[in-house]
Each structure stands twice: as structure tokens, then as C-alpha cells.
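Engineer: Contents of coords-v4.cif (mmCIF, C-alpha atoms):
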```cif
data_data
loop_
_atom_site.group_PDB
_atom_site.id
_atom_site.type_symbol
_atom_site.label_atom_id
_atom_site.label_comp_id
_atom_site.auth_asym_id
_atom_site.auth_seq_id
_atom_site.Cartn_x
_atom_site.Cartn_y
_atom_site.Cartn_z
ATOM 1 C CA MET A 1 78.326 -19.942 28.070
ATOM 2 C CA ILE A 2 77.937 -17.608 25.066
ATOM 3 C CA ARG A 3 75.931 -20.314 23.350
ATOM 4 C CA LYS A 4 73.485 -20.480 26.270
ATOM 5 C CA ILE A 5 73.073 -16.681 26.300
ATOM 6 C CA GLN A 6 72.320 -16.728 22.563
ATOM 7 C CA ILE A 7 69.693 -19.418 23.084
ATOM 8 C CA LEU A 8 68.074 -17.475 25.949
ATOM 9 C CA VAL A 9 68.041 -14.256 23.907
ATOM 10 C CA GLY A 10 66.534 -16.132 20.963
ATOM 11 C CA LEU A 11 63.803 -17.628 23.127
ATOM 12 C CA LEU A 12 63.063 -14.214 24.620
ATOM 13 C CA LEU A 13 62.744 -12.599 21.193
ATOM 14 C CA PHE A 14 60.549 -15.465 19.971
ATOM 15 C CA THR A 15 58.265 -15.055 22.991
ATOM 16 C CA LEU A 16 58.000 -11.296 22.432
ATOM 17 C CA ILE A 17 57.175 -11.788 18.758
ATOM 18 C CA ILE A 18 54.508 -14.393 19.478
ATOM 19 C CA GLY A 19 53.022 -12.278 22.273
ATOM 20 C CA SER A 20 52.865 -9.139 20.145
ATOM 21 C CA SER A 21 51.307 -11.018 17.255
ATOM 22 C CA ASP A 22 48.605 -12.400 19.559
ATOM 23 C CA VAL A 23 47.819 -8.889 20.796
ATOM 24 C CA THR A 24 47.548 -7.363 17.334
ATOM 25 C CA ALA A 25 45.788 -10.321 15.676
ATOM 26 C CA GLN A 26 42.362 -9.419 14.325
ATOM 27 C CA ILE A 27 39.314 -11.555 15.010
ATOM 28 C CA ARG A 28 37.342 -12.938 12.084
ATOM 29 C CA THR A 29 34.164 -10.937 11.467
ATOM 30 C CA ARG A 30 30.969 -12.811 10.646
ATOM 31 C CA SER A 31 27.804 -11.407 9.110
ATOM 32 C CA ASP A 32 24.178 -11.994 8.159
ATOM 33 C CA PHE A 33 22.848 -10.260 5.036
ATOM 34 C CA SER A 34 19.144 -10.352 4.109
ATOM 35 C CA TYR A 35 16.587 -8.721 1.813
ATOM 36 C CA THR A 36 12.946 -7.875 2.544
ATOM 37 C CA LYS A 37 10.282 -6.279 0.359
ATOM 38 C CA LEU A 38 7.433 -4.595 2.249
ATOM 39 C CA THR A 39 3.795 -4.138 1.301
ATOM 40 C CA ASP A 40 4.282 -0.633 -0.122
ATOM 41 C CA GLY A 41 7.186 -1.767 -2.328
ATOM 42 C CA THR A 42 9.928 -0.512 -0.007
ATOM 43 C CA LYS A 43 13.022 -2.708 -0.147
ATOM 44 C CA VAL A 44 15.001 -3.297 3.056
ATOM 45 C CA LEU A 45 18.602 -4.506 3.228
ATOM 46 C CA LYS A 46 19.548 -5.786 6.686
ATOM 47 C CA VAL A 47 23.055 -6.559 7.941
ATOM 48 C CA LYS A 48 24.261 -7.921 11.266
ATOM 49 C CA VAL A 49 28.011 -8.069 11.962
ATOM 50 C CA PHE A 50 29.522 -9.929 14.893
ATOM 51 C CA THR A 51 32.449 -12.004 16.087
ATOM 52 C CA LYS A 52 32.437 -15.379 17.811
ATOM 53 C CA GLN A 53 34.983 -16.493 20.384
ATOM 54 C CA GLY A 54 34.078 -19.934 21.599
ATOM 55 C CA PRO A 55 30.406 -19.903 22.576
ATOM 56 C CA VAL A 56 30.351 -16.103 23.025
ATOM 57 C CA PHE A 57 28.960 -13.776 20.339
ATOM 58 C CA ASN A 58 30.183 -10.176 20.346
ATOM 59 C CA TYR A 59 28.177 -7.698 18.283
ATOM 60 C CA ILE A 60 30.019 -4.873 16.526
ATOM 61 C CA ASN A 61 28.407 -1.516 17.242
ATOM 62 C CA ASN A 62 29.095 1.809 15.519
ATOM 63 C CA GLY A 63 30.537 -0.063 12.552
ATOM 64 C CA ASN A 64 30.260 1.668 9.175
ATOM 65 C CA ILE A 65 28.366 -0.514 6.684
ATOM 66 C CA GLN A 66 28.445 0.533 3.046
ATOM 67 C CA PHE A 67 25.565 -0.702 0.876
ATOM 68 C CA LEU A 68 25.964 -1.041 -2.876
ATOM 69 C CA THR A 69 24.221 -2.343 -5.948
ATOM 70 C CA SER A 70 25.583 -2.762 -9.455
ATOM 71 C CA ASN A 71 24.671 -2.698 -13.109
ATOM 72 C CA ASP A 72 26.567 -4.113 -16.067
ATOM 73 C CA THR A 73 29.323 -1.520 -15.892
ATOM 74 C CA ALA A 74 29.740 -0.099 -12.379
ATOM 75 C CA GLU A 75 28.910 -0.262 -8.699
ATOM 76 C CA ILE A 76 26.330 2.158 -7.308
ATOM 77 C CA ASP A 77 26.677 3.423 -3.739
ATOM 78 C CA LEU A 78 23.358 3.201 -1.872
ATOM 79 C CA GLY A 79 24.639 4.738 1.354
ATOM 80 C CA THR A 80 26.637 4.092 4.518
ATOM 81 C CA LEU A 81 25.054 3.515 7.926
ATOM 82 C CA GLN A 82 26.315 2.620 11.395
ATOM 83 C CA THR A 83 25.366 -0.523 13.275
ATOM 84 C CA ASP A 84 23.493 -0.307 16.566
ATOM 85 C CA GLU A 85 24.463 -1.923 19.888
ATOM 86 C CA ASP A 86 23.252 -5.306 18.570
ATOM 87 C CA GLY A 87 25.471 -5.064 15.494
ATOM 88 C CA LYS A 88 22.448 -4.488 13.240
ATOM 89 C CA VAL A 89 21.703 -1.934 10.561
ATOM 90 C CA ALA A 90 18.940 -1.630 7.961
ATOM 91 C CA LEU A 91 18.848 0.388 4.730
ATOM 92 C CA TYR A 92 15.370 1.301 3.438
ATOM 93 C CA ILE A 93 15.130 1.829 -0.313
ATOM 94 C CA ASP A 94 12.069 3.774 -1.420
ATOM 95 C CA LYS A 95 9.763 2.203 -4.000
ATOM 96 C CA GLY A 96 10.491 5.047 -6.403
ATOM 97 C CA TYR A 97 14.247 4.376 -6.420
ATOM 98 C CA VAL A 98 15.110 2.323 -9.492
ATOM 99 C CA ILE A 99 17.371 -0.642 -8.717
ATOM 100 C CA PRO A 100 19.301 -1.970 -11.744
ATOM 101 C CA MET A 101 18.055 -5.376 -12.943
ATOM 102 C CA ASP A 102 19.316 -7.770 -15.561
ATOM 103 C CA GLU A 103 17.113 -9.271 -18.257
ATOM 104 C CA THR A 104 15.694 -11.838 -15.799
ATOM 105 C CA GLY A 105 14.756 -9.244 -13.170
ATOM 106 C CA ASN A 106 17.697 -10.106 -10.923
ATOM 107 C CA MET A 107 19.018 -7.441 -8.528
ATOM 108 C CA HIS A 108 22.559 -7.579 -7.152
ATOM 109 C CA PHE A 109 23.244 -6.122 -3.691
ATOM 110 C CA MET A 110 26.472 -5.896 -1.678
ATOM 111 C CA PHE A 111 27.711 -4.592 1.622
ATOM 112 C CA ARG A 112 31.193 -3.834 2.933
ATOM 113 C CA TYR A 113 32.582 -3.426 6.433
ATOM 114 C CA ASP A 114 36.166 -2.143 6.682
ATOM 115 C CA GLY A 115 36.792 -3.638 10.121
ATOM 116 C CA ASN A 116 38.676 -2.015 13.015
ATOM 117 C CA ASP A 117 41.740 -2.604 15.178
ATOM 118 C CA SER A 118 40.352 -5.843 16.597
ATOM 119 C CA CYS A 119 37.969 -7.098 13.881
ATOM 120 C CA GLN A 120 38.703 -8.060 10.298
ATOM 121 C CA GLU A 121 36.922 -6.500 7.352
ATOM 122 C CA THR A 122 34.072 -8.422 5.758
ATOM 123 C CA ASP A 123 31.628 -8.179 2.872
ATOM 124 C CA ASP A 124 28.844 -10.186 1.275
ATOM 125 C CA GLU A 125 26.735 -10.261 -1.879
ATOM 126 C CA LEU A 126 23.097 -11.055 -2.484
ATOM 127 C CA ASP A 127 21.278 -11.818 -5.732
ATOM 128 C CA VAL A 128 17.513 -11.354 -5.507
ATOM 129 C CA LEU A 129 14.716 -11.695 -8.034
ATOM 130 C CA ASP A 130 11.923 -9.151 -7.692
ATOM 131 C CA LEU A 131 8.623 -10.687 -6.569
ATOM 132 C CA ASN A 132 5.138 -9.179 -6.417
ATOM 133 C CA ILE A 133 2.262 -10.482 -4.292
ATOM 134 C CA ASN A 134 -1.220 -9.499 -5.461
ATOM 135 C CA TYR A 135 -3.795 -10.507 -2.866
ATOM 136 C CA GLU A 136 -7.581 -10.673 -2.738
ATOM 137 C CA LEU A 137 -9.978 -11.311 0.155
ATOM 138 C CA VAL A 138 -13.099 -13.214 -0.890
ATOM 139 C CA MET A 139 -16.277 -14.386 0.844
ATOM 140 C CA ASP A 140 -18.146 -17.077 -1.104
ATOM 141 C CA GLU A 141 -21.857 -17.849 -1.210
ATOM 142 C CA ASP A 142 -21.562 -20.045 1.899
ATOM 143 C CA SER A 143 -20.090 -17.112 3.890
ATOM 144 C CA LEU A 144 -16.683 -18.777 3.979
ATOM 145 C CA TYR A 145 -13.634 -16.531 3.919
ATOM 146 C CA PHE A 146 -10.719 -17.095 1.538
ATOM 147 C CA VAL A 147 -7.378 -15.367 1.112
ATOM 148 C CA ASN A 148 -6.263 -15.557 -2.514
ATOM 149 C CA ALA A 149 -2.876 -14.403 -3.790
ATOM 150 C CA ALA A 150 -1.046 -14.369 -7.109
ATOM 151 C CA LEU A 151 2.769 -14.383 -7.271
ATOM 152 C CA THR A 152 4.487 -12.755 -10.253
ATOM 153 C CA ASP A 153 8.081 -11.799 -11.033
ATOM 154 C CA ALA A 154 9.393 -8.494 -12.403
ATOM 155 C CA LEU A 155 8.454 -9.538 -15.947
ATOM 156 C CA GLY A 156 4.895 -10.462 -14.983
ATOM 157 C CA ASN A 157 5.468 -14.213 -15.174
ATOM 158 C CA PRO A 158 3.838 -16.474 -12.562
ATOM 159 C CA VAL A 159 6.100 -17.704 -9.760
ATOM 160 C CA ILE A 160 5.454 -21.402 -9.168
ATOM 161 C CA ASP A 161 6.381 -23.839 -6.385
ATOM 162 C CA GLU A 162 7.003 -21.073 -3.843
ATOM 163 C CA GLU A 163 5.779 -21.511 -0.261
ATOM 164 C CA VAL A 164 3.392 -18.804 0.926
ATOM 165 C CA PHE A 165 2.433 -18.292 4.575
ATOM 166 C CA ILE A 166 -0.883 -16.813 5.701
ATOM 167 C CA ARG A 167 -0.792 -15.424 9.241
ATOM 168 C CA VAL A 168 -2.523 -12.904 11.511
ATOM 169 C CA LYS A 169 -0.906 -10.271 13.718
ATOM 170 C CA ARG A 170 -1.544 -10.831 17.389
ATOM 171 C CA LEU A 171 -0.304 -8.884 20.407
ATOM 172 C CA TYR A 172 3.347 -10.008 20.438
ATOM 173 C CA SER A 173 3.780 -12.120 17.300
ATOM 174 C CA TYR A 174 1.979 -13.626 14.316
ATOM 175 C CA LEU A 175 -0.542 -16.459 14.513
ATOM 176 C CA PRO A 176 0.075 -18.892 11.617
ATOM 177 C CA ILE A 177 -3.083 -19.805 9.720
ATOM 178 C CA GLU A 178 -1.759 -22.004 6.909
ATOM 179 C CA SER A 179 1.068 -22.356 4.410
ATOM 180 C CA THR A 180 0.652 -23.511 0.833
ATOM 181 C CA ILE A 181 2.627 -23.811 -2.422
ATOM 182 C CA SER A 182 1.881 -21.635 -5.458
ATOM 183 C CA ASP A 183 0.478 -23.587 -8.418
ATOM 184 C CA GLU A 184 1.499 -23.516 -12.081
ATOM 185 C CA GLU A 185 -0.213 -20.136 -12.464
ATOM 186 C CA GLY A 186 1.430 -18.661 -9.351
ATOM 187 C CA ASN A 187 -1.829 -18.692 -7.391
ATOM 188 C CA VAL A 188 -2.593 -19.725 -3.806
ATOM 189 C CA SER A 189 -5.892 -19.896 -1.958
ATOM 190 C CA VAL A 190 -6.395 -20.479 1.770
ATOM 191 C CA GLN A 191 -9.629 -20.698 3.736
ATOM 192 C CA PHE A 192 -9.564 -18.210 6.588
ATOM 193 C CA PRO A 193 -11.164 -18.932 9.993
ATOM 194 C CA SER A 194 -14.213 -16.910 10.993
ATOM 195 C CA ASP A 195 -13.806 -17.152 14.775
ATOM 196 C CA LEU A 196 -10.697 -15.051 15.413
ATOM 197 C CA PRO A 197 -11.055 -12.117 17.830
ATOM 198 C CA GLY A 198 -10.147 -8.761 16.323
ATOM 199 C CA ASP A 199 -10.092 -5.235 17.672
ATOM 200 C CA SER A 200 -13.137 -3.295 18.833
ATOM 201 C CA LEU A 201 -14.334 -3.102 15.204
ATOM 202 C CA GLY A 202 -13.415 -6.690 14.360
ATOM 203 C CA ASN A 203 -10.421 -5.693 12.241
ATOM 204 C CA LEU A 204 -7.544 -8.131 11.688
ATOM 205 C CA GLN A 205 -4.097 -7.550 10.191
ATOM 206 C CA ILE A 206 -3.585 -10.382 7.697
ATOM 207 C CA SER A 207 -0.106 -11.094 6.352
ATOM 208 C CA VAL A 208 0.638 -12.928 3.088
ATOM 209 C CA ILE A 209 4.363 -13.621 3.105
ATOM 210 C CA VAL A 210 7.123 -15.501 1.324
ATOM 211 C CA LYS A 211 9.812 -15.994 3.979
ATOM 212 C CA GLU A 212 13.559 -16.189 3.368
ATOM 213 C CA SER A 213 13.296 -17.636 -0.117
ATOM 214 C CA GLY A 214 16.598 -18.494 -1.751
ATOM 215 C CA GLN A 215 15.590 -16.588 -4.905
ATOM 216 C CA TYR A 216 13.263 -13.837 -3.674
ATOM 217 C CA GLY A 217 14.283 -13.136 -0.084
ATOM 218 C CA THR A 218 11.360 -12.132 2.137
ATOM 219 C CA VAL A 219 8.343 -10.503 0.486
ATOM 220 C CA GLU A 220 5.261 -9.537 2.487
ATOM 221 C CA ALA A 221 1.843 -8.102 1.723
ATOM 222 C CA ILE A 222 -0.316 -6.902 4.640
ATOM 223 C CA VAL A 223 -4.034 -6.153 4.451
ATOM 224 C CA ILE A 224 -6.532 -5.006 7.101
ATOM 225 C CA SER A 225 -9.822 -6.912 7.098
ATOM 226 C CA ASP A 226 -12.984 -6.859 9.261
ATOM 227 C CA TRP A 227 -13.206 -10.655 9.348
ATOM 228 C CA GLY A 228 -12.550 -10.791 13.096
ATOM 229 C CA ILE A 229 -14.965 -10.894 16.008
ATOM 230 C CA PRO A 230 -15.288 -7.456 17.669
ATOM 231 C CA VAL A 231 -13.877 -7.411 21.190
ATOM 232 C CA ASP A 232 -14.508 -4.708 23.780
ATOM 233 C CA TYR A 233 -11.108 -3.837 25.270
ATOM 234 C CA SER A 234 -12.361 -0.987 27.456
ATOM 235 C CA GLU A 235 -11.841 -1.214 31.201
ATOM 236 C CA HIS A 236 -14.682 -2.533 33.325
ATOM 237 C CA GLU A 237 -15.126 -2.558 37.059
ATOM 238 C CA VAL A 238 -14.355 -6.009 38.398
ATOM 239 C CA GLY A 239 -16.010 -7.340 41.536
ATOM 240 C CA ARG A 240 -14.467 -9.635 44.091
ATOM 241 C CA ALA A 241 -12.411 -12.289 42.233
ATOM 242 C CA LEU A 242 -9.111 -14.141 42.413
ATOM 243 C CA TRP A 243 -7.617 -11.895 39.709
ATOM 244 C CA ALA A 244 -9.001 -8.628 41.135
ATOM 245 C CA LYS A 245 -7.623 -6.340 43.836
ATOM 246 C CA ALA A 246 -10.445 -7.395 46.179
ATOM 247 C CA GLY A 247 -10.423 -11.169 46.717
ATOM 248 C CA PRO A 248 -13.540 -13.329 47.181
ATOM 249 C CA LEU A 249 -15.256 -12.908 50.529
ATOM 250 C CA TRP A 250 -15.088 -16.636 51.363
ATOM 251 C CA MET A 251 -11.315 -16.574 50.860
ATOM 252 C CA LEU A 252 -10.867 -13.583 53.157
ATOM 253 C CA ILE A 253 -12.991 -15.243 55.855
ATOM 254 C CA ALA A 254 -10.999 -18.475 55.552
ATOM 255 C CA ILE A 255 -7.696 -16.603 55.799
ATOM 256 C CA TYR A 256 -8.841 -14.684 58.893
ATOM 257 C CA ILE A 257 -10.010 -17.918 60.523
ATOM 258 C CA VAL A 258 -6.629 -19.549 59.881
ATOM 259 C CA ILE A 259 -4.755 -16.529 61.231
ATOM 260 C CA PHE A 260 -7.011 -16.292 64.277
ATOM 261 C CA GLY A 261 -6.594 -20.010 64.974
ATOM 262 C CA ALA A 262 -2.794 -19.797 64.728
ATOM 263 C CA TRP A 263 -2.545 -16.792 67.038
ATOM 264 C CA SER A 264 -5.002 -18.291 69.507
ATOM 265 C CA GLN A 265 -2.903 -21.459 69.750
ATOM 266 C CA PHE A 266 0.188 -19.312 70.277
ATOM 267 C CA CYS A 267 -1.518 -17.387 73.071
ATOM 268 C CA VAL A 268 -2.710 -20.628 74.717
ATOM 269 C CA ALA A 269 0.844 -22.004 74.601
ATOM 270 C CA LEU A 270 2.170 -18.820 76.250
ATOM 271 C CA TYR A 271 -0.537 -19.023 78.926
ATOM 272 C CA PHE A 272 0.455 -22.564 79.884
ATOM 273 C CA LEU A 273 4.162 -21.666 79.899
ATOM 274 C CA PHE A 274 3.549 -18.855 82.341
ATOM 275 C CA LYS A 275 1.291 -21.122 84.393
ATOM 276 C CA MET A 276 3.995 -23.823 84.571
ATOM 277 C CA ARG A 277 6.580 -21.225 85.596
ATOM 278 C CA ASN A 278 4.395 -19.913 88.421
ATOM 279 C CA ALA A 279 3.647 -23.458 89.605
ATOM 280 C CA LYS A 280 7.390 -24.231 89.889
ATOM 281 C CA SER A 281 8.033 -21.079 91.912
#
```
Show the structure stored in the file as C-alpha cells.
Structural biologist:
Amino acid sequence: MIRKIQILVGLLLFTLIIGSSDVTAQIRTRSDFSYTKLTDGTKVLKVKVFTKQGPVFNYINNGNIQFLTSNDTAEIDLGTLQTDEDGKVALYIDKGYVIPMDETGNMHFMFRYDGNDSCQETDDELDVLDLNINYELVMDEDSLYFVNAALTDALGNPVIDEEVFIRVKRLYSYLPIESTISDEEGNVSVQFPSDLPGDSLGNLQISVIVKESGQYGTVEAIVISDWGIPVDYSEHEVGRALWAKAGPLWMLIAIYIVIFGAWSQFCVALYFLFKMRNAKS
């Protein structure tokens, strides 16, 4: 009997221990860490922290993310920011702020998240080479448009075999024009179409971008050009049409005829019903 009580007590304690450990167990925190260099030289470090339980992603909001860089001797604190409701945060580093580089122009970035009661801490590191995009818009003697760009690293050396995308900003996204690989001198050249609609002055926002490169991250150069076709976006009075408030006259007449025909048949049916009822009486 005592032996059975001991076994029951042992099982109870084991269950309590397992249950409490499940309650206090922290979930593994996942992250995405990326680098972007904007047209004006501003560097952007972006972090997204989240957890995954089965197919469900849970984004960590109000989490403190510490950004750091380092030189040969020490870590340098770049600042601490809180994530938004989507678990995202972005640190903008002004062009004038000097980031330590090694002799090859490599920059080392880090972030740290200390976690909370339910999520584990996490961190990540990113090594990025500085990349410059020097662009030029050219119209040749045949009135053909070309977007030319030269890719160089922090030491001024040409960046070869890197894919460059030429695209144009539209209302909700970018329209891809062409992608090409930089040659042995770091140069690319793409013929630009001459039939794209622009704003009222014909202006287009052209983007020359290296996207998510393993060595350089994302680097973008944006230029405004008048190579587009001017489009008048002002409001004009629209007459009767399918897409206007007032429909075409023929459609209104047809609808009224259909409605009149349906109601007339209904009235005729009622007339004969009443007539049949009176005949029976």
C-alpha cells in the first residue's frame, strides 16, 4: 500500500514538473536582418523578429533591438529602437556618420534582442561591402534613350558580375525594364523605352538597383527624368458611359422596357386570377 502511494506521489510530482516546464518554456525567436543603401548615401539596417508555431507566425512588437557595429578593437553602439506591431524596426544611418571599415571596405553590423518571458533572445551579424552606383542618362543621335551605370566599391575599384535592375516607379509598385550584369569595368547599359506614360510633365522616377546581393546588400540610385509621355490627370466631365454615374441612354431604355414588361405580366396574371375567382363564385 505504501509502495502504491509513493508511486502515485511520484507520478503527481513528475506531472507538475513537466506542466510547469511547459508553461515557462520560451519559444525560439527568429529574425530577418538586412542592409540597404539609399540614393543619398543613407544606410538602413532593417530587422524583423518573430516566432513560428506550426504554420502560424507571431510578430514581436515593442521589442528592444540594439544595433551595433565594430572596429578592430571594440563594438560601437548605434542605438536601440522598438519594433512595431509587425515586428519590424529600421535604423537610418546618416551619410555623414563614419562606419568603421576594414582594408577591403567591409562593414560589420550586428543586432541583439534580449527576449522576454515567452520568447528567447536572438542576435545576428551582417558583413557588407560598400557599393556606389554612378548613373548617367543618355540620348544618342538616333533619339534612343539609355541608362548607363558604373558600379564601384569603397576603394574605387569596379564591381564586376553583379546583377543590376532597371525599373520605373508606377502607382503601387515598380515596373521592371531590364536586368543586366556589370562587365569587367563595372559598367552596365540598358536601352530605355520611349513610350512610357509619366506625370503631367512627362517625368518618370527611374531606379537603378542592386537587390539583396550577398556581398553588398541592397543599393539603389533613383533619378527623375522627363523621358515619359505627359499625361493629363486632371478631372474631366464624363458623359453617359458604362463607367460613369449616368449610364448610356440605350441601356436605361432597355432596362425600363424589361421592368415594364415584367410588371405588366404580373398585373395580367393578377387580373386573370381575380377573373377566375369571380367566375367560380
Engineer: Can you check which parts of stretch 9-97 of chain A lie within 12 Å of stretch 205-217 of chain A? Per residue, the shortest pair of atoms and distance in Å to one decimal, counting only C-alpha atoms, sorted by chain and number, as a tab-separated table.
Structural biologist:
```
residue	atom	partner	partner_atom	distance
A:Phe33	CA	A:Gly217	CA	10.4
A:Ser34	CA	A:Gly217	CA	7.0
A:Tyr35	CA	A:Gly217	CA	5.3
A:Thr36	CA	A:Gly217	CA	6.0
A:Lys37	CA	A:Gly217	CA	8.0
A:Leu38	CA	A:Ile209	CA	9.6
A:Thr39	CA	A:Ser207	CA	9.4
A:Lys43	CA	A:Gly217	CA	10.5
A:Val44	CA	A:Gly217	CA	10.4
A:Leu45	CA	A:Gly217	CA	10.2
A:Lys46	CA	A:Gly217	CA	11.3
```
Engineer: Find the spatial neighbours of stretch 191-203 of chain A, counting only C-alpha atoms, within a cut-off of 9 Å - ignore same-chain residues fewer than 5 positions away - and output them as a list in words.
Structural biologist: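 Listing them by chain and then by number gives Leu144, Tyr145, Phe146, Val147, Asn148, Ile166, Arg170, Ile177, Glu178, Ile224, Ser225, Asp226, Trp227, Gly228, Ile229, Pro230, Val231, Asp232, Tyr233 and Ser234 of chain A.
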Engineer: Go through the shown structure with the PyMOL selection byres ((chain A and resi 101) around 10) and write out the matching residues as a ChimeraX atom specification.
Structural biologist: /A:69-72,98-100,102-108,128-130,154
Engineer: Spell out the residues picked by the PyMOL selection byres ((chain A and resi 185) around 12) here, as a PyMOL selection string.
Structural biologist: chain A and resi 149-153+156-162+181-184+186-189
Engineer: Interatomic distance between atom CA of A:Leu204 and atom CA of A:Tyr172?
Structural biologist: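 Separation of atom CA of A:Leu204 and atom CA of A:Tyr172: 14.1 Å.
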Engineer: Translate the PyMOL selection byres ((chain A and resi 53) around 12), as applied to the file shown, into an explicit residue set as a VMD selection string.
Structural biologist: chain A and resid 26 to 30 50 to 52 54 to 59 119
Engineer: Do you have the atom CA of A:Asn64-atom CA of A:Leu81 distance handy?
Structural biologist: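 Value for the atom CA of A:Asn64-atom CA of A:Leu81 distance: 5.7 Å.
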Engineer: Report the distance between atom CA of A:Asp94 and atom CA of A:Thr42 in Å, rounded to one decimal place.
Structural biologist: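 For atom CA of A:Asp94 relative to atom CA of A:Thr42, the distance reads 5.0 Å.
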Engineer: Taking only C-alpha atoms into account, which of A:Asp40, A:Asp114, A:Arg167, A:Gln120 comes nearest A:Lys95?
Structural biologist: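 For A:Lys95, the nearest of the candidates is A:Asp40.
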Engineer: Which of these residues is nearest to A:Leu126, using all atoms listed in the file: A:Tyr92, A:Tyr174, A:Phe67, A:Trp250?
Structural biologist: A:Phe67
